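Visitor: There's a structure below that I have some questions on.
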Amino acid sequence: MESFNREEMESYERARKHVEEIKGFYGNLIAYLLVNAFLVFINLKFTPDHLWFYWPMLGWGIGVLFHGFRVFSWFPFLNKDWEQKKIKQFMEEEKKKQDFK
């Protein structure tokens with residue numbers, strides 16, 4: 001069995017978590033497509049004079065869109081790098097305040 005140092009293990013764990021997030025997104029996307037296709041069918045088959053299928057499609061679609069943005073880091077303020085930079089910035093500001101006193 002290979003031995004890994006701490007940094008490699010942390011890197012592996014981050015990569016594993018990211019893969020799980022991607023799998024979760026694709027699962028959400030597949031469920032969205034299947035369920036909404038079924039809702040469109042039901043709506044058009046039984047109440048074609050009153051179209052309502054687009055409301056759940058729109059609501060859930062917004063959720064899927066934001067899920068994808070988060071998983072694939074399309075929002076600069078939702079990814080881990082941004083979080084780490086902000087944490088570091090706040091820690092440095094706090095240290096400066098304490099050093100100034």
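Each chain of the structure tokens is named A, B, ... in the order shown, its residues numbered from 1; ligands are numbered from 1 in display order.
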Which residues are near segment 19-25 of chain A? Cut-off 12 Å, only C-alpha atoms, ignore same chain within fewer than 2 positions. Put them as a list of chain:residue names.
Guide: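 Listing them by chain and then by number gives A:Tyr12, A:Glu13, A:Arg14, A:Ala15, A:Arg16, A:Lys17, A:Gly27, A:Asn28, A:Leu29, A:Ile30, A:Ala31, A:Tyr32, A:Gly63, A:Val64, A:Leu65, A:Phe66, A:His67, A:Gly68, A:Phe69, A:Arg70, A:Val71, A:Phe72, A:Ser73.
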Visitor: Within segment 13-80 of chain A, find each residue whose DSSP state, derived from the backbone, is helix (DSSP H, G or I), and express the selection as a ChimeraX atom specification.
Guide: /A:13-46,54-71,80
Visitor: Env of segment 48-62 of chain A: 9 Å cut, atoms = only C-alpha atoms, seq-sep filter 6 positions within chain, self excluded. Answer as a PyMOL selection string.
Guide: chain A and resi 29+32-33+36+39-42
Visitor: Would you save the residues of that selection, restricted to N, CA, C and O atoms, as a short mmCIF file (atom, residue, chain, number, x, y, z; two decimals), in the first residue's frame?
Guide:
```cif
data_model
loop_
_atom_site.label_atom_id
_atom_site.label_comp_id
_atom_site.auth_asym_id
_atom_site.auth_seq_id
_atom_site.Cartn_x
_atom_site.Cartn_y
_atom_site.Cartn_z
N LEU A 29 -29.68 17.01 -12.15
CA LEU A 29 -30.02 17.37 -13.52
C LEU A 29 -30.86 16.28 -14.20
O LEU A 29 -31.86 16.57 -14.86
N TYR A 32 -34.30 16.29 -12.74
CA TYR A 32 -35.01 17.47 -13.27
C TYR A 32 -35.57 17.18 -14.65
O TYR A 32 -36.74 17.45 -14.93
N LEU A 33 -34.75 16.63 -15.51
CA LEU A 33 -35.18 16.36 -16.88
C LEU A 33 -36.29 15.31 -16.93
O LEU A 33 -37.29 15.48 -17.63
N ASN A 36 -39.61 16.64 -15.10
CA ASN A 36 -40.28 17.69 -15.86
C ASN A 36 -40.82 17.19 -17.19
O ASN A 36 -41.87 17.66 -17.65
N LEU A 39 -44.04 15.76 -16.19
CA LEU A 39 -45.02 16.81 -15.89
C LEU A 39 -45.57 17.45 -17.17
O LEU A 39 -46.76 17.75 -17.26
N VAL A 40 -44.71 17.64 -18.15
CA VAL A 40 -45.17 18.18 -19.44
C VAL A 40 -46.16 17.21 -20.07
O VAL A 40 -47.22 17.62 -20.56
N PHE A 41 -45.83 15.93 -20.05
CA PHE A 41 -46.74 14.91 -20.60
C PHE A 41 -48.10 14.95 -19.89
O PHE A 41 -49.15 14.97 -20.54
N ILE A 42 -48.08 14.95 -18.56
CA ILE A 42 -49.33 14.97 -17.79
C ILE A 42 -50.14 16.23 -18.14
O ILE A 42 -51.34 16.17 -18.38
#
```
